[in-house]
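Q: The structure is given below, and queries will be raised subsequently.
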Amino acid sequence: MATFALICIDKPAALDLRMATREAHLAWARDRMAEIKLAGPFLNEDGTMAGSMFILEAADLTAAKAFNAADPYTKAGLFERVDVRAFRVTLGQL
């Protein structure tokens with residue numbers, strides 16, 4: 001297994017779409033807690049959600065991208081971009 005960071009940035013003015021799909025996204029994520037090591041939203045200066053981040057364990061980059069593709073947020077077209085990168089913890093621990 002390897003560790004990956006998924007950095008997902010919402011499309012502009014997509015808060016309504018995020019909120020409409022939030023419960024499905026959270027239920028989906030709860031079912032994958034064995035893979036997810038850390039997750040949460042990015043916030044704008046006003047405290048509204050503007051993106052998401054996952055730190056997860058996956059077999060390889062292809063599996064990490066498949067994880068993202070299955071996310072209800074991704075399926076709904078919420079994200080302007082998603083950056084999937086190999087991640088190595090150097091300080092702290094997961």
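In the structure tokens, chains take the letters A, B, ... in the order shown, each chain's residues start at 1, and ligands count up from 1 in the order shown.
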Just the residues within 10 Å of Asp60 (chain A), please, counting only C-alpha atoms, with nothing from its chain fewer than 5 positions along; format it as a ChimeraX atom specification.

A: /A:1-4,65-66,86

Q: Those residues with C-alpha atoms, as a tab-separated table (two decimals), in the first residue's frame please?

A:
```tsv
chain	number	residue	atom	x	y	z
A	1	MET	CA	0.00	0.00	0.00
A	2	ALA	CA	1.04	3.58	-0.66
A	3	THR	CA	-0.21	6.90	0.68
A	4	PHE	CA	-1.80	9.50	-1.59
A	65	LYS	CA	-7.67	7.86	-9.01
A	66	ALA	CA	-10.42	5.22	-8.99
A	86	ALA	CA	1.88	10.29	-3.88
```

Q: Taking into account only C-alpha atoms, which residue in the set A:Gly92, A:Phe87, A:Phe54, A:Trp28 is nearest to Phe42 (chain A)?

A: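 Closest to Phe42 (chain A), using only C-alpha atoms: A:Phe54.
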
Q: How far is it from CA of Lys37 (chain A) to CA of Pro12 (chain A), in Å with one decimal?

A: 27.5 Å

Q: Go through A:Ala13, A:Ala34, A:Leu26, A:Val82 one by one, measure the shortest atom-to-atom distance of each to Ala58 (chain A) using only C-alpha atoms, and give the residue with the smallest value.

A: A:Ala34

Q: Residues within 6 Å of Glu35 (chain A), please, as JSON, numbers by chain. Count only C-alpha atoms; anything in the same chain fewer than 2 positions from it doesn't count.

A: {"A": [32, 33, 56, 57]}

Q: Provide the CA of Asp31 (chain A) to CA of Asn44 (chain A) distance in Å, to one decimal place.

A: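 Calculated distance between CA of Asp31 (chain A) and CA of Asn44 (chain A) is 27.4 Å.
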
Q: Per DSSP on the backbone, what are the strand (DSSP E or B) residues of chain A, as number ranges by chain?

A: A: 2-10, 36-43, 49-58, 79-86

Q: Just checking: using only C-alpha atoms, which residue out of A:Thr21, A:Ala29, A:Glu80, A:Lys11 ends up closest to Phe67 (chain A)?

A: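 Among the listed residues, the smallest separation from Phe67 (chain A) belongs to A:Ala29.
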
Q: CA of Leu78 (chain A) and CA of Arg30 (chain A) are how many Å apart?

A: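 Here the two named atoms are 19.2 Å from each other.
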
Q: I'd like to know which of A:Ala76, A:Ala39, A:Ala59, A:Ala70 is closest to Asp10 (chain A), using only C-alpha atoms.

A: A:Ala76

Q: Give me the residues within 7 Å of Cys8 (chain A) as a CSV table (one decimal) with N, CA and C atoms, in the first residue's frame, counting only C-alpha atoms and dropping any in the same chain fewer than 6 places off.

A:
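Listing of selection_28.csv after writing:
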```csv
chain,number,residue,atom,x,y,z
A,51,GLY,N,-13.6,23.1,-1.2
A,51,GLY,CA,-12.8,22.0,-1.7
A,51,GLY,C,-12.7,20.9,-0.7
A,52,SER,N,-12.0,19.9,-1.0
A,52,SER,CA,-11.9,18.7,-0.1
A,52,SER,C,-10.5,18.2,-0.2
A,53,MET,N,-10.0,17.5,0.9
A,53,MET,CA,-8.7,16.8,0.9
A,53,MET,C,-8.9,15.5,1.5
A,79,PHE,N,-16.0,19.3,-8.7
A,79,PHE,CA,-14.7,19.8,-8.6
A,79,PHE,C,-14.2,20.5,-9.9
A,81,ARG,N,-10.9,21.0,-10.3
A,81,ARG,CA,-9.7,20.2,-10.5
A,81,ARG,C,-9.5,19.3,-9.3
A,82,VAL,N,-8.9,18.1,-9.6
A,82,VAL,CA,-8.4,17.2,-8.6
A,82,VAL,C,-7.0,16.8,-8.8
A,83,ASP,N,-6.2,17.0,-7.8
A,83,ASP,CA,-4.7,16.7,-7.9
A,83,ASP,C,-4.5,15.5,-7.1
```

Q: Can you tell me, as number ranges by chain, what residues are no more than 8 Å from Leu15 (chain A) when counting only C-alpha atoms, ignoring any on the same chain fewer than 6 positions away?

A: A: 48-50

Q: Could you write out, as a ChimeraX atom specification, all the residues of chain A that DSSP marks as alpha helix (DSSP H)?

A: /A:15-30,61-70,72-76

Q: So, with only C-alpha atoms as the atoms that count, which of A:Pro72, A:Leu6, A:Ala24, A:Arg85 lies closest to Ile36 (chain A)?

A: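 Ranking A:Pro72, A:Leu6, A:Ala24, A:Arg85 by distance to Ile36 (chain A), first place goes to A:Leu6.
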
Q: Find the residues near Arg18 (chain A): any atom within 8 Å, counting only C-alpha atoms, skip ones fewer than 4 places away on the same chain, and give them as a ChimeraX atom specification.

A: /A:14,22,73,78

Q: Put those residues in a file: all heavy atoms, as a short mmCIF file (atom, residue, chain, number, x, y, z; two decimals), in the first residue's frame.

A:
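In the end it all went to part.cif:
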```cif
data_model
loop_
_atom_site.label_atom_id
_atom_site.label_comp_id
_atom_site.auth_asym_id
_atom_site.auth_seq_id
_atom_site.Cartn_x
_atom_site.Cartn_y
_atom_site.Cartn_z
N ALA A 14 -20.09 26.77 -6.43
CA ALA A 14 -20.63 25.41 -6.42
C ALA A 14 -21.11 24.97 -5.04
O ALA A 14 -21.37 23.79 -4.83
CB ALA A 14 -19.57 24.44 -6.93
N ARG A 22 -23.75 16.41 -0.28
CA ARG A 22 -22.93 16.19 0.92
C ARG A 22 -23.27 14.90 1.65
O ARG A 22 -22.37 14.16 2.05
CB ARG A 22 -23.08 17.39 1.86
CG ARG A 22 -22.09 17.41 3.02
CD ARG A 22 -22.17 18.74 3.74
NE ARG A 22 -21.28 19.18 4.72
CZ ARG A 22 -20.54 18.53 5.58
NH1 ARG A 22 -20.54 17.28 5.59
NH2 ARG A 22 -19.78 19.09 6.46
N TYR A 73 -19.14 13.45 -4.93
CA TYR A 73 -18.81 14.82 -5.32
C TYR A 73 -18.23 14.85 -6.73
O TYR A 73 -18.60 15.69 -7.55
CB TYR A 73 -17.80 15.43 -4.36
CG TYR A 73 -18.34 15.97 -3.06
CD1 TYR A 73 -17.47 16.27 -2.02
CD2 TYR A 73 -19.69 16.20 -2.85
CE1 TYR A 73 -17.92 16.79 -0.82
CE2 TYR A 73 -20.15 16.71 -1.64
CZ TYR A 73 -19.25 17.00 -0.63
OH TYR A 73 -19.71 17.52 0.55
N LEU A 78 -18.66 18.41 -9.04
CA LEU A 78 -18.39 19.51 -8.11
C LEU A 78 -17.02 20.15 -8.31
O LEU A 78 -16.87 21.36 -8.18
CB LEU A 78 -18.50 18.99 -6.66
CG LEU A 78 -18.11 19.96 -5.56
CD1 LEU A 78 -19.07 21.15 -5.52
CD2 LEU A 78 -18.09 19.25 -4.22
#
```

Q: From the options A:Asp16, A:Ile7, A:Ala63, A:His25, which residue's atoms come nearest to Lys75 (chain A), counting only C-alpha atoms?

A: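 Among the listed residues, A:His25 lies closest to Lys75 (chain A).
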